[in-house]
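Here is the structure we will look at.
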Amino acid sequence: LVIGTDVISGGTTGGTYFVFLRGSGGTPPLSWSIDSGSLPTGLELLSSGLIRGTPSVPGEYSFRLLLEDSKGEMAIENYALSFIDPLVMETFIVADVLVGTQVNQAFSASGGEKPYSWEVVDGGLPDGLSFDTSGVLKGFSINPTSSEFTVRLRDSLDSFVDRQISLEVVEPVKIKSLSL
């Protein structure tokens, strides 16, 4: 009796997961079970060798699977899975900026695999502002303007998320009349 699946790969939490395990030899029917350890929360192993479900807790998981045939012959194999939360850009909007006012706004993210890298992939920033690879919008603009640009967040696994951002650089409110 031989277990044919030697690699089971992980992924991100929240998505549907299906893996069909293989075994050969022995006398059918073959039956799969968990010998030790546990599958990630949200996954189950059917006796047919199907691992299915929606993993809900990120982390590293180790377990040992047992394949048994109808005559009691057994094969055992150790496995490890790793699940991470999906990559999410948490910054949705950038507040209006006053002409000549220093900007220093850090964008935020979660999930994926750090370190993160940020970049503007479409559109342009107002003159005087820059966006660095650590996700910080900084500088100051001396002219009122409107701009739209797309920010890309990339993690170390090369997953990425794009978000379009609108930014207004506006003149401060001025009182023109000093007396009534």
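Letters for chains follow the order of the structure tokens (A, B, ...), residue numbers begin at 1 for each chain, and ligand numbers begin at 1 in the order shown.
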Closest-contact table, segment 49-118 of chain A side, partner segment 152-168 of chain A, 6 Å, counting only C-alpha atoms, as a Markdown table:
```
| residue | atom | partner | partner_atom | distance |
| --- | --- | --- | --- | --- |
| A:Asp96 | CA | A:Glu168 | CA | 5.0 |
| A:Glu113 | CA | A:Asp155 | CA | 5.5 |
| A:Lys114 | CA | A:Asp155 | CA | 5.8 |
| A:Pro115 | CA | A:Ser156 | CA | 5.8 |
| A:Tyr116 | CA | A:Asp155 | CA | 4.5 |
| A:Ser117 | CA | A:Arg154 | CA | 5.2 |
| A:Trp118 | CA | A:Leu153 | CA | 4.8 |
```
May I have a table of the residues of segment 14-90 of chain A lying at most 10 Å from segment 102-108 of chain A, giving each one's closest pair of atoms and their distance in Å to one decimal, counting only C-alpha atoms, ordered by chain and ascending residue number, as CSV?
```
residue,atom,partner,partner_atom,distance
A:Val88,CA,A:Ser108,CA,8.8
A:Met89,CA,A:Ser108,CA,6.3
A:Glu90,CA,A:Ser108,CA,5.3
```
| message | List as a ChimeraX atom specification the protein and nucleic acid residues near Val2 of chain A, meaning an atom at most 12 Å away when only C-alpha atoms are counted, but skip any in the same chain fewer than 2 places from it. | response | /A:4-6,21-27,30,66-69,73-77
